[in-house]
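Data block for input_3.cif (mmCIF, C-alpha atoms):
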data_start
#
loop_
_atom_site.group_PDB
_atom_site.id
_atom_site.type_symbol
_atom_site.label_atom_id
_atom_site.label_comp_id
_atom_site.auth_asym_id
_atom_site.auth_seq_id
_atom_site.Cartn_x
_atom_site.Cartn_y
_atom_site.Cartn_z
ATOM 1 C CA MET Q 14 -9.390 70.849 -173.834
ATOM 2 C CA LEU Q 15 -9.321 72.993 -176.955
ATOM 3 C CA VAL Q 16 -5.878 74.462 -177.615
ATOM 4 C CA LEU Q 17 -5.420 77.333 -180.068
ATOM 5 C CA SER Q 18 -2.269 79.164 -181.150
ATOM 6 C CA ARG Q 19 -2.589 82.934 -181.321
ATOM 7 C CA LYS Q 20 -0.283 85.835 -182.041
ATOM 8 C CA LYS Q 21 -0.109 89.246 -180.423
ATOM 9 C CA GLY Q 22 -3.140 91.293 -181.403
ATOM 10 C CA GLU Q 23 -5.215 88.260 -182.330
ATOM 11 C CA SER Q 24 -8.295 87.268 -180.411
ATOM 12 C CA ILE Q 25 -10.688 84.471 -179.639
ATOM 13 C CA TRP Q 26 -14.430 84.720 -179.236
ATOM 14 C CA ILE Q 27 -16.252 82.504 -176.758
ATOM 15 C CA GLY Q 28 -19.920 82.466 -177.625
ATOM 16 C CA ASP Q 29 -21.401 85.739 -178.855
ATOM 17 C CA ASP Q 30 -20.323 88.043 -176.089
ATOM 18 C CA ILE Q 31 -16.884 87.131 -174.745
ATOM 19 C CA GLU Q 32 -13.707 88.170 -176.519
ATOM 20 C CA ILE Q 33 -10.224 87.222 -175.347
ATOM 21 C CA ILE Q 34 -7.481 89.393 -176.843
ATOM 22 C CA ILE Q 35 -3.772 88.583 -176.730
ATOM 23 C CA SER Q 36 -2.431 92.077 -176.117
ATOM 24 C CA GLU Q 37 1.228 91.385 -175.340
ATOM 25 C CA VAL Q 38 3.659 88.485 -175.303
ATOM 26 C CA LYS Q 39 6.935 88.954 -173.429
ATOM 27 C CA GLY Q 40 9.092 85.957 -172.569
ATOM 28 C CA ASP Q 41 6.980 83.604 -170.463
ATOM 29 C CA GLN Q 42 4.330 86.203 -169.783
ATOM 30 C CA VAL Q 43 1.217 86.889 -171.777
ATOM 31 C CA LYS Q 44 -1.018 89.898 -171.292
ATOM 32 C CA ILE Q 45 -4.617 89.102 -172.041
ATOM 33 C CA GLY Q 46 -7.545 91.441 -172.526
ATOM 34 C CA ILE Q 47 -11.011 90.127 -171.764
ATOM 35 C CA ARG Q 48 -14.171 91.708 -173.050
ATOM 36 C CA ALA Q 49 -17.152 90.090 -171.366
ATOM 37 C CA PRO Q 50 -20.584 91.053 -170.041
ATOM 38 C CA LYS Q 51 -20.513 92.275 -166.432
ATOM 39 C CA HIS Q 52 -22.449 89.281 -165.172
ATOM 40 C CA ILE Q 53 -19.568 86.956 -166.047
ATOM 41 C CA ASP Q 54 -17.175 86.159 -163.185
ATOM 42 C CA ILE Q 55 -13.499 86.526 -164.082
ATOM 43 C CA VAL Q 56 -11.059 85.144 -161.503
ATOM 44 C CA ARG Q 57 -7.363 84.259 -161.721
ATOM 45 C CA GLY Q 58 -6.839 80.506 -161.744
ATOM 46 C CA GLU Q 59 -4.507 80.412 -158.735
ATOM 47 C CA LEU Q 60 -6.990 82.395 -156.639
ATOM 48 C CA ARG Q 61 -9.844 80.053 -157.468
ATOM 49 C CA HIS Q 62 -7.534 77.140 -156.685
ATOM 50 C CA ALA Q 63 -6.618 78.654 -153.296
ATOM 51 C CA ILE Q 64 -10.305 79.094 -152.403
ATOM 52 C CA SER Q 65 -10.995 75.542 -153.491
ATOM 53 C CA GLN Q 66 -8.162 74.296 -151.286
ATOM 54 C CA SER Q 67 -9.381 76.349 -148.330
ATOM 55 C CA ASN Q 68 -12.914 74.958 -148.761
ATOM 56 C CA THR Q 69 -11.539 71.423 -148.801
ATOM 57 C CA GLU Q 70 -9.603 72.077 -145.577
ATOM 58 C CA ALA Q 71 -12.718 73.575 -144.003
ATOM 59 C CA VAL Q 72 -14.890 70.464 -144.262
ATOM 60 C CA ILE Q 73 -15.791 69.673 -140.661
ATOM 61 C CA LYS Q 74 -13.935 66.728 -139.172
ATOM 62 C CA ASN Q 75 -15.395 67.079 -135.714
ATOM 63 C CA LEU Q 76 -17.316 69.604 -133.722
ATOM 64 C CA ASN Q 77 -15.796 68.937 -130.320
ATOM 65 C CA LEU Q 78 -13.817 72.164 -130.329
ATOM 66 C CA LEU Q 79 -16.925 74.296 -130.603
ATOM 67 C CA LYS Q 80 -18.924 72.192 -128.207
ATOM 68 C CA ASN Q 81 -16.248 72.132 -125.517
ATOM 69 C CA GLU Q 82 -14.846 75.623 -125.726
ATOM 70 C CA LEU Q 83 -17.837 77.719 -126.476
ATOM 71 C CA LYS Q 84 -20.513 76.329 -124.215
ATOM 72 C CA MET H 26 -38.373 66.590 -145.687
ATOM 73 C CA ASN H 27 -35.800 64.544 -143.782
ATOM 74 C CA ILE H 28 -32.066 64.738 -144.445
ATOM 75 C CA GLN H 29 -29.007 62.942 -143.096
ATOM 76 C CA THR H 30 -26.491 65.232 -141.467
ATOM 77 C CA ALA H 31 -22.831 64.814 -140.547
ATOM 78 C CA TYR H 32 -23.179 65.721 -136.876
ATOM 79 C CA ILE H 33 -26.745 65.663 -135.693
ATOM 80 C CA GLY H 34 -28.130 62.537 -137.346
ATOM 81 C CA GLU H 35 -31.329 62.584 -139.353
ATOM 82 C CA ILE H 36 -33.325 65.765 -139.065
ATOM 83 C CA GLU H 37 -36.381 67.306 -140.595
ATOM 84 C CA ILE H 38 -35.956 70.511 -142.556
ATOM 85 C CA ASP H 39 -38.301 72.857 -144.323
ATOM 86 C CA PRO H 40 -37.553 72.477 -148.065
ATOM 87 C CA ALA H 41 -38.184 76.196 -148.453
ATOM 88 C CA MET H 42 -35.040 76.850 -146.392
ATOM 89 C CA ILE H 43 -32.707 75.030 -148.783
ATOM 90 C CA LEU H 44 -30.016 77.286 -150.222
ATOM 91 C CA THR H 45 -29.287 76.786 -153.907
ATOM 92 C CA PHE H 46 -25.716 77.243 -155.122
ATOM 93 C CA GLU H 47 -26.202 77.057 -158.871
ATOM 94 C CA HIS H 48 -22.582 76.145 -159.562
ATOM 95 C CA GLY H 49 -21.681 74.638 -156.194
ATOM 96 C CA ILE H 50 -18.672 76.177 -154.478
ATOM 97 C CA PRO H 51 -14.997 75.964 -155.568
ATOM 98 C CA GLY H 52 -13.784 72.441 -154.825
ATOM 99 C CA PHE H 53 -17.371 71.164 -154.527
ATOM 100 C CA GLU H 54 -18.898 72.129 -157.840
ATOM 101 C CA GLU H 55 -21.449 69.305 -157.765
ATOM 102 C CA GLU H 56 -22.853 70.292 -154.371
ATOM 103 C CA LYS H 57 -25.681 72.608 -155.250
ATOM 104 C CA GLN H 58 -27.919 72.479 -152.199
ATOM 105 C CA PHE H 59 -27.127 73.244 -148.596
ATOM 106 C CA VAL H 60 -29.058 74.112 -145.500
ATOM 107 C CA GLN H 61 -28.033 76.288 -142.539
ATOM 108 C CA LEU H 62 -28.322 74.506 -139.205
ATOM 109 C CA PRO H 63 -27.761 75.865 -135.710
ATOM 110 C CA ILE H 64 -25.096 74.408 -133.412
ATOM 111 C CA GLU H 65 -26.617 73.543 -130.081
ATOM 112 C CA GLU H 66 -25.643 75.925 -127.279
ATOM 113 C CA ASN H 67 -23.517 77.964 -129.632
ATOM 114 C CA ASN H 68 -24.988 80.891 -131.449
ATOM 115 C CA MET H 69 -21.730 82.268 -132.855
ATOM 116 C CA PHE H 70 -21.399 79.546 -135.441
ATOM 117 C CA GLN H 71 -23.724 77.601 -137.670
ATOM 118 C CA ILE H 72 -23.383 74.528 -139.833
ATOM 119 C CA LEU H 73 -23.731 74.652 -143.589
ATOM 120 C CA GLN H 74 -24.837 71.099 -144.352
ATOM 121 C CA SER H 75 -24.935 69.573 -147.832
ATOM 122 C CA ILE H 76 -28.294 68.076 -148.758
ATOM 123 C CA GLN H 77 -26.892 65.410 -151.050
ATOM 124 C CA THR H 78 -23.736 64.398 -149.145
ATOM 125 C CA LYS H 79 -24.252 63.514 -145.506
ATOM 126 C CA GLU H 80 -20.539 63.826 -144.650
ATOM 127 C CA LEU H 81 -20.134 67.284 -146.172
ATOM 128 C CA ALA H 82 -20.629 70.173 -143.776
ATOM 129 C CA PHE H 83 -18.892 73.459 -143.055
ATOM 130 C CA ILE H 84 -18.833 75.828 -140.115
ATOM 131 C CA ILE H 85 -19.997 79.293 -141.018
ATOM 132 C CA THR H 86 -20.173 82.507 -139.082
ATOM 133 C CA SER H 87 -20.939 86.142 -139.593
ATOM 134 C CA PRO H 88 -17.843 88.044 -140.783
ATOM 135 C CA TYR H 89 -18.990 90.981 -138.657
ATOM 136 C CA LEU H 90 -18.235 88.960 -135.515
ATOM 137 C CA ILE H 91 -14.662 88.416 -136.654
ATOM 138 C CA THR H 92 -13.577 91.722 -138.072
ATOM 139 C CA GLU H 93 -14.797 95.258 -137.750
ATOM 140 C CA ASN H 94 -16.034 97.100 -140.778
ATOM 141 C CA TYR H 95 -16.169 94.114 -143.082
ATOM 142 C CA THR H 96 -17.289 95.590 -146.359
ATOM 143 C CA PHE H 97 -17.145 94.696 -150.006
ATOM 144 C CA GLU H 98 -19.057 95.665 -153.050
ATOM 145 C CA ILE H 99 -21.379 93.024 -154.418
ATOM 146 C CA ASP H 100 -20.367 92.838 -158.051
ATOM 147 C CA GLU H 101 -22.765 92.708 -160.940
ATOM 148 C CA ALA H 102 -22.081 89.034 -161.594
ATOM 149 C CA THR H 103 -23.379 88.228 -158.093
ATOM 150 C CA VAL H 104 -26.350 90.579 -158.313
ATOM 151 C CA HIS H 105 -27.239 88.878 -161.570
ATOM 152 C CA ALA H 106 -26.618 85.295 -160.412
ATOM 153 C CA LEU H 107 -28.614 85.699 -157.188
ATOM 154 C CA ASP H 108 -31.244 87.981 -158.682
ATOM 155 C CA ILE H 109 -30.696 90.552 -155.926
ATOM 156 C CA LYS H 110 -33.201 93.385 -155.994
ATOM 157 C CA CYS H 111 -32.252 95.288 -152.846
ATOM 158 C CA GLU H 112 -29.565 95.352 -150.189
ATOM 159 C CA LYS H 113 -31.958 94.277 -147.439
ATOM 160 C CA GLU H 114 -32.410 90.777 -148.809
ATOM 161 C CA VAL H 115 -28.680 90.016 -148.724
ATOM 162 C CA ALA H 116 -27.041 87.929 -145.972
ATOM 163 C CA VAL H 117 -23.293 87.294 -145.748
ATOM 164 C CA PHE H 118 -21.419 84.443 -144.057
ATOM 165 C CA VAL H 119 -17.843 83.199 -144.112
ATOM 166 C CA ILE H 120 -16.513 79.654 -143.930
ATOM 167 C CA VAL H 121 -14.464 78.759 -140.854
ATOM 168 C CA THR H 122 -11.641 76.208 -140.860
ATOM 169 C CA LEU H 123 -11.360 74.652 -137.417
ATOM 170 C CA LYS H 124 -7.871 73.767 -136.251
ATOM 171 C CA GLU H 125 -6.685 72.200 -132.991
ATOM 172 C CA THR H 126 -7.600 75.327 -131.077
ATOM 173 C CA LEU H 127 -9.801 78.298 -131.761
ATOM 174 C CA GLU H 128 -6.730 80.567 -131.760
ATOM 175 C CA GLU H 129 -5.392 78.698 -134.773
ATOM 176 C CA SER H 130 -8.760 78.459 -136.493
ATOM 177 C CA THR H 131 -9.351 80.722 -139.457
ATOM 178 C CA ALA H 132 -12.155 82.284 -141.444
ATOM 179 C CA ASN H 133 -12.140 82.832 -145.183
ATOM 180 C CA LEU H 134 -12.868 86.541 -145.521
ATOM 181 C CA LYS H 135 -11.663 86.531 -149.107
ATOM 182 C CA ALA H 136 -14.522 84.361 -150.337
ATOM 183 C CA PRO H 137 -17.733 85.168 -148.449
ATOM 184 C CA ILE H 138 -20.955 83.274 -149.005
ATOM 185 C CA VAL H 139 -23.610 85.670 -150.195
ATOM 186 C CA ILE H 140 -27.235 84.641 -149.796
ATOM 187 C CA ASN H 141 -30.345 86.179 -151.253
ATOM 188 C CA THR H 142 -32.725 85.621 -148.333
ATOM 189 C CA THR H 143 -35.762 86.154 -150.554
ATOM 190 C CA ASN H 144 -35.181 83.404 -153.122
ATOM 191 C CA HIS H 145 -32.521 81.434 -151.190
ATOM 192 C CA LYS H 146 -30.030 81.558 -154.011
ATOM 193 C CA ALA H 147 -26.465 81.579 -152.740
ATOM 194 C CA LYS H 148 -22.937 81.891 -154.056
ATOM 195 C CA GLN H 149 -19.400 81.897 -152.722
ATOM 196 C CA VAL H 150 -18.047 85.160 -154.066
ATOM 197 C CA ILE H 151 -14.305 85.518 -154.641
ATOM 198 C CA LEU H 152 -13.193 89.068 -153.875
ATOM 199 C CA ASN H 153 -10.610 90.324 -156.327
ATOM 200 C CA ASP H 154 -8.982 92.863 -154.040
ATOM 201 C CA GLU H 155 -6.213 92.288 -151.505
ATOM 202 C CA THR H 156 -8.078 93.581 -148.459
ATOM 203 C CA TYR H 157 -9.099 90.268 -146.946
ATOM 204 C CA ALA H 158 -7.291 86.989 -146.302
ATOM 205 C CA ILE H 159 -8.318 83.429 -147.112
ATOM 206 C CA ARG H 160 -7.060 82.363 -143.678
ATOM 207 C CA HIS H 161 -7.914 85.154 -141.275
ATOM 208 C CA LYS H 162 -7.247 84.122 -137.655
ATOM 209 C CA LEU H 163 -10.349 84.212 -135.504
ATOM 210 C CA ASN H 164 -10.378 87.002 -132.981
ATOM 211 C CA LEU H 165 -11.083 85.087 -129.785
ATOM 212 C CA GLN H 166 -12.086 88.112 -127.783
ATOM 213 C CA SER H 167 -15.003 88.816 -130.000
ATOM 214 C CA VAL H 168 -15.806 85.190 -130.743
ATOM 215 C CA LYS H 169 -15.989 84.187 -127.124
ATOM 216 C CA GLY H 170 -17.819 87.359 -126.156
#
Go ahead and render the structure in this file as C-alpha coordinates.
Amino acid sequence: MLVLSRKKGESIWIGDDIEIIISEVKGDQVKIGIRAPKHIDIVRGELRHAISQSNTEAVIKNLNLLKNELK
Amino acid sequence: MNIQTAYIGEIEIDPAMILTFEHGIPGFEEEKQFVQLPIEENNMFQILQSIQTKELAFIITSPYLITENYTFEIDEATVHALDIKCEKEVAVFVIVTLKETLEESTANLKAPIVINTTNHKAKQVILNDETYAIRHKLNLQSVKG
(Lines of atoms letter the chains of each structure in order from A and count residues from 1; the text may use other names and numbers.)
(Lines give C-alpha, C1' and ligand atoms only; values in the text may rest on other atoms or scores of the structure.)
Protein backbone atom coordinates (compact mmCIF):
# COMPACT_ATOMS: atom_id res chain seq x y z
CA MET A 1 0.00 0.00 0.00
CA LEU A 2 1.24 3.47 -0.87
CA VAL A 3 1.25 5.80 2.13
CA LEU A 4 1.56 9.56 1.68
CA SER A 5 1.66 12.34 4.27
CA ARG A 6 -0.46 15.37 3.44
CA LYS A 7 -1.36 18.61 5.15
CA LYS A 8 -4.65 20.47 5.23
CA GLY A 9 -5.37 21.96 1.82
CA GLU A 10 -3.05 19.58 0.00
CA SER A 11 -4.30 17.02 -2.45
CA ILE A 12 -3.51 13.81 -4.24
CA TRP A 13 -4.35 12.93 -7.81
CA ILE A 14 -5.20 9.36 -8.76
CA GLY A 15 -4.85 8.97 -12.50
CA ASP A 16 -5.94 11.93 -14.61
CA ASP A 17 -9.41 12.47 -13.27
CA ILE A 18 -9.61 11.78 -9.54
CA GLU A 19 -8.49 14.32 -6.97
CA ILE A 20 -8.52 13.71 -3.23
CA ILE A 21 -8.33 16.90 -1.17
CA ILE A 22 -7.58 17.04 2.55
CA SER A 23 -10.00 19.79 3.53
CA GLU A 24 -9.86 19.64 7.33
CA VAL A 25 -7.94 17.87 10.06
CA LYS A 26 -9.39 17.94 13.58
CA GLY A 27 -8.10 15.56 16.23
CA ASP A 28 -8.61 12.03 14.94
CA GLN A 29 -10.95 13.12 12.18
CA VAL A 30 -10.06 14.06 8.65
CA LYS A 31 -12.45 15.68 6.21
CA ILE A 32 -11.73 14.64 2.66
CA GLY A 33 -13.01 16.11 -0.57
CA ILE A 34 -13.19 13.85 -3.60
CA ARG A 35 -13.40 15.10 -7.14
CA ALA A 36 -14.09 12.19 -9.46
CA PRO A 37 -16.06 11.43 -12.62
CA LYS A 38 -19.66 10.41 -11.94
CA HIS A 39 -19.10 6.88 -13.17
CA ILE A 40 -16.74 6.17 -10.26
CA ASP A 41 -18.33 4.48 -7.23
CA ILE A 42 -17.47 6.12 -3.91
CA VAL A 43 -18.48 4.13 -0.82
CA ARG A 44 -17.42 4.39 2.83
CA GLY A 45 -15.13 1.53 3.81
CA GLU A 46 -17.26 0.31 6.72
CA LEU A 47 -20.36 0.15 4.51
CA ARG A 48 -18.59 -1.91 1.87
CA HIS A 49 -17.27 -4.14 4.65
CA ALA A 50 -20.79 -4.61 6.06
CA ILE A 51 -22.13 -5.60 2.63
CA SER A 52 -19.23 -7.99 2.18
CA GLN A 53 -19.99 -9.56 5.55
CA SER A 54 -23.69 -9.86 4.74
CA ASN A 55 -22.87 -11.53 1.40
CA THR A 56 -20.62 -14.01 3.18
CA GLU A 57 -23.40 -14.85 5.66
CA ALA A 58 -25.85 -15.25 2.79
CA VAL A 59 -24.02 -18.08 1.03
CA ILE A 60 -26.53 -20.93 1.02
CA LYS A 61 -25.80 -23.68 3.52
CA ASN A 62 -28.93 -25.67 2.79
CA LEU A 63 -32.20 -25.21 1.03
CA ASN A 64 -34.39 -27.29 3.32
CA LEU A 65 -36.09 -24.26 4.82
CA LEU A 66 -37.43 -23.12 1.48
CA LYS A 67 -38.31 -26.59 0.32
CA ASN A 68 -40.16 -27.53 3.49
CA GLU A 69 -41.92 -24.31 4.36
CA LEU A 70 -42.85 -22.90 1.03
CA LYS A 71 -44.10 -25.88 -0.90
CA MET B 1 -22.90 -25.74 -21.53
CA ASN B 2 -22.97 -27.85 -18.37
CA ILE B 3 -22.19 -26.47 -14.91
CA GLN B 4 -21.91 -27.96 -11.43
CA THR B 5 -24.32 -26.46 -8.94
CA ALA B 6 -24.45 -26.47 -5.15
CA TYR B 7 -27.96 -27.88 -4.82
CA ILE B 8 -29.22 -29.40 -8.01
CA GLY B 9 -26.19 -31.29 -9.31
CA GLU B 10 -24.93 -30.86 -12.84
CA ILE B 11 -27.23 -28.94 -15.12
CA GLU B 12 -27.21 -27.56 -18.60
CA ILE B 13 -27.49 -23.81 -19.02
CA ASP B 14 -27.69 -21.49 -21.97
CA PRO B 15 -24.39 -19.53 -21.99
CA ALA B 16 -26.33 -16.49 -23.16
CA MET B 17 -28.06 -16.40 -19.76
CA ILE B 18 -24.84 -15.99 -17.78
CA LEU B 19 -24.75 -12.77 -15.77
CA THR B 20 -21.43 -10.94 -15.79
CA PHE B 21 -20.38 -9.08 -12.64
CA GLU B 22 -17.31 -7.25 -13.89
CA HIS B 23 -15.86 -6.76 -10.41
CA GLY B 24 -17.58 -9.64 -8.63
CA ILE B 25 -19.57 -8.68 -5.55
CA PRO B 26 -18.21 -7.40 -2.19
CA GLY B 27 -16.61 -10.35 -0.41
CA PHE B 28 -16.45 -12.36 -3.65
CA GLU B 29 -14.51 -10.09 -5.96
CA GLU B 30 -13.16 -12.96 -8.06
CA GLU B 31 -16.60 -14.39 -8.82
CA LYS B 32 -17.54 -12.70 -12.04
CA GLN B 33 -20.13 -15.02 -13.54
CA PHE B 34 -23.39 -16.24 -12.11
CA VAL B 35 -26.57 -17.72 -13.43
CA GLN B 36 -30.13 -17.40 -12.08
CA LEU B 37 -31.78 -20.75 -11.42
CA PRO B 38 -35.33 -21.49 -10.31
CA ILE B 39 -36.05 -23.33 -7.05
CA GLU B 40 -38.36 -26.22 -7.70
CA GLU B 41 -41.91 -25.67 -6.47
CA ASN B 42 -41.02 -22.24 -5.17
CA ASN B 43 -41.43 -19.23 -7.36
CA MET B 44 -40.80 -16.60 -4.68
CA PHE B 45 -37.09 -17.25 -4.56
CA GLN B 46 -34.38 -18.09 -7.04
CA ILE B 47 -30.80 -19.25 -6.78
CA LEU B 48 -27.90 -17.14 -7.93
CA GLN B 49 -25.30 -19.80 -8.71
CA SER B 50 -21.62 -19.09 -9.35
CA ILE B 51 -20.33 -20.54 -12.61
CA GLN B 52 -16.78 -21.06 -11.40
CA THR B 53 -17.40 -22.21 -7.81
CA LYS B 54 -19.85 -25.07 -7.42
CA GLU B 55 -20.35 -24.45 -3.68
CA LEU B 56 -21.13 -20.75 -4.05
CA ALA B 57 -24.80 -19.90 -4.39
CA PHE B 58 -27.15 -17.28 -2.98
CA ILE B 59 -30.90 -17.02 -2.60
CA ILE B 60 -32.33 -14.02 -4.36
CA THR B 61 -35.79 -12.58 -4.53
CA SER B 62 -37.60 -9.57 -5.85
CA PRO B 63 -37.47 -6.68 -3.35
CA TYR B 64 -41.02 -5.79 -4.38
CA LEU B 65 -42.27 -8.98 -2.72
CA ILE B 66 -40.68 -7.96 0.57
CA THR B 67 -41.39 -4.29 0.89
CA GLU B 68 -43.85 -1.93 -0.67
CA ASN B 69 -42.63 0.95 -2.75
CA TYR B 70 -39.04 -0.17 -2.99
CA THR B 71 -37.39 2.58 -4.97
CA PHE B 72 -33.93 3.94 -5.49
CA GLU B 73 -32.25 5.97 -8.11
CA ILE B 74 -29.82 4.10 -10.32
CA ASP B 75 -26.70 6.21 -10.09
CA GLU B 76 -24.54 7.17 -13.01
CA ALA B 77 -21.78 4.76 -12.01
CA THR B 78 -24.24 1.87 -12.42
CA VAL B 79 -25.74 3.19 -15.65
CA HIS B 80 -22.22 3.45 -16.99
CA ALA B 81 -20.97 0.09 -15.68
CA LEU B 82 -23.99 -1.85 -16.98
CA ASP B 83 -24.40 0.20 -20.13
CA ILE B 84 -28.07 0.84 -19.35
CA LYS B 85 -29.93 2.57 -22.15
CA CYS B 86 -33.49 2.54 -20.80
CA GLU B 87 -35.39 1.72 -17.64
CA LYS B 88 -37.19 -1.22 -19.24
CA GLU B 89 -34.08 -3.35 -19.52
CA VAL B 90 -33.33 -3.15 -15.79
CA ALA B 91 -34.14 -5.97 -13.35
CA VAL B 92 -33.58 -5.75 -9.59
CA PHE B 93 -33.07 -8.54 -7.05
CA VAL B 94 -31.94 -8.68 -3.43
CA ILE B 95 -29.86 -11.31 -1.65
CA VAL B 96 -31.60 -13.27 1.10
CA THR B 97 -29.82 -14.66 4.16
CA LEU B 98 -31.63 -17.76 5.37
CA LYS B 99 -31.70 -18.32 9.11
CA GLU B 100 -33.27 -21.12 11.15
CA THR B 101 -36.74 -19.90 10.27
CA LEU B 102 -38.16 -17.65 7.62
CA GLU B 103 -39.20 -15.14 10.30
CA GLU B 104 -35.55 -14.64 11.19
CA SER B 105 -34.36 -14.64 7.59
CA THR B 106 -33.38 -11.32 6.10
CA ALA B 107 -32.98 -9.60 2.76
CA ASN B 108 -30.30 -7.08 1.91
CA LEU B 109 -32.29 -4.10 0.65
CA LYS B 110 -29.29 -1.83 1.06
CA ALA B 111 -27.31 -3.52 -1.69
CA PRO B 112 -29.61 -4.67 -4.51
CA ILE B 113 -28.37 -6.60 -7.50
CA VAL B 114 -29.09 -4.63 -10.63
CA ILE B 115 -29.16 -6.50 -13.93
CA ASN B 116 -29.20 -5.18 -17.45
CA THR B 117 -31.45 -7.80 -19.06
CA THR B 118 -30.28 -6.82 -22.54
CA ASN B 119 -26.54 -7.45 -22.17
CA HIS B 120 -26.67 -9.49 -18.93
CA LYS B 121 -24.24 -7.25 -17.14
CA ALA B 122 -24.92 -7.13 -13.42
CA LYS B 123 -23.70 -5.34 -10.32
CA GLN B 124 -24.42 -5.27 -6.61
CA VAL B 125 -25.14 -1.61 -6.01
CA ILE B 126 -24.52 -0.15 -2.55
CA LEU B 127 -27.12 2.51 -1.76
CA ASN B 128 -25.64 5.47 0.05
CA ASP B 129 -28.81 6.59 1.79
CA GLU B 130 -30.23 5.35 5.09
CA THR B 131 -33.62 4.25 3.77
CA TYR B 132 -32.98 0.53 3.52
CA ALA B 133 -31.38 -2.03 5.83
CA ILE B 134 -28.73 -4.65 5.12
CA ARG B 135 -30.73 -7.13 7.21
CA HIS B 136 -34.39 -6.44 6.54
CA LYS B 137 -36.62 -9.13 8.09
CA LEU B 138 -38.70 -10.97 5.53
CA ASN B 139 -42.37 -10.16 5.68
CA LEU B 140 -43.87 -13.64 5.92
CA GLN B 141 -47.36 -12.57 4.99
CA SER B 142 -46.29 -11.44 1.60
CA VAL B 143 -43.63 -14.10 1.13
CA LYS B 144 -45.96 -16.96 1.86
CA GLY B 145 -48.79 -15.39 -0.12
Should the cut-off be 9 Å, what would the residue list for chain Q against chain H look like, counting all atoms listed in the file, as a PyMOL selection string? chain Q and resi 50-54+56-57+60-76+78-80+82-84
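Distance-wise, atom CA of Ile43 of chain H and atom CA of Ser75 of chain H end up 9.5 Å apart.
Between Asp154 of chain H and the candidates H:Thr96, H:Gln77, H:Gln71, H:Thr45, the tightest atom-to-atom separation, counting all atoms listed in the file, involves H:Thr96.
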Edge lengths and centre, in Å to one decimal, as AutoDock Vina command-line options: that's what I need for the box along x, y and z that holds all listed atoms of segment 18-25 of chain Q plus 8 Å on each side.
--center_x -5.4 --center_y 85.2 --center_z -181.0 --size_x 26.6 --size_y 28.1 --size_z 18.7
Which one is closest to Met26 of chain H: H:Pro63, H:Lys113, H:Gln58, H:Ile38? Count only C-alpha atoms. H:Ile38
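The space separating atom CA of Met14 of chain Q from atom CA of Glu59 of chain Q comes to 18.5 Å.
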Option closest in space to Lys44 of chain Q, from Q:Gly58, Q:Leu15, Q:Glu32, Q:Gly22 [counting only C-alpha atoms]: Q:Gly22
Rounded to one decimal in Å, what is the spacing between atom CA of Val139 of chain H and atom CA of Asp39 of chain H? 20.4 Å
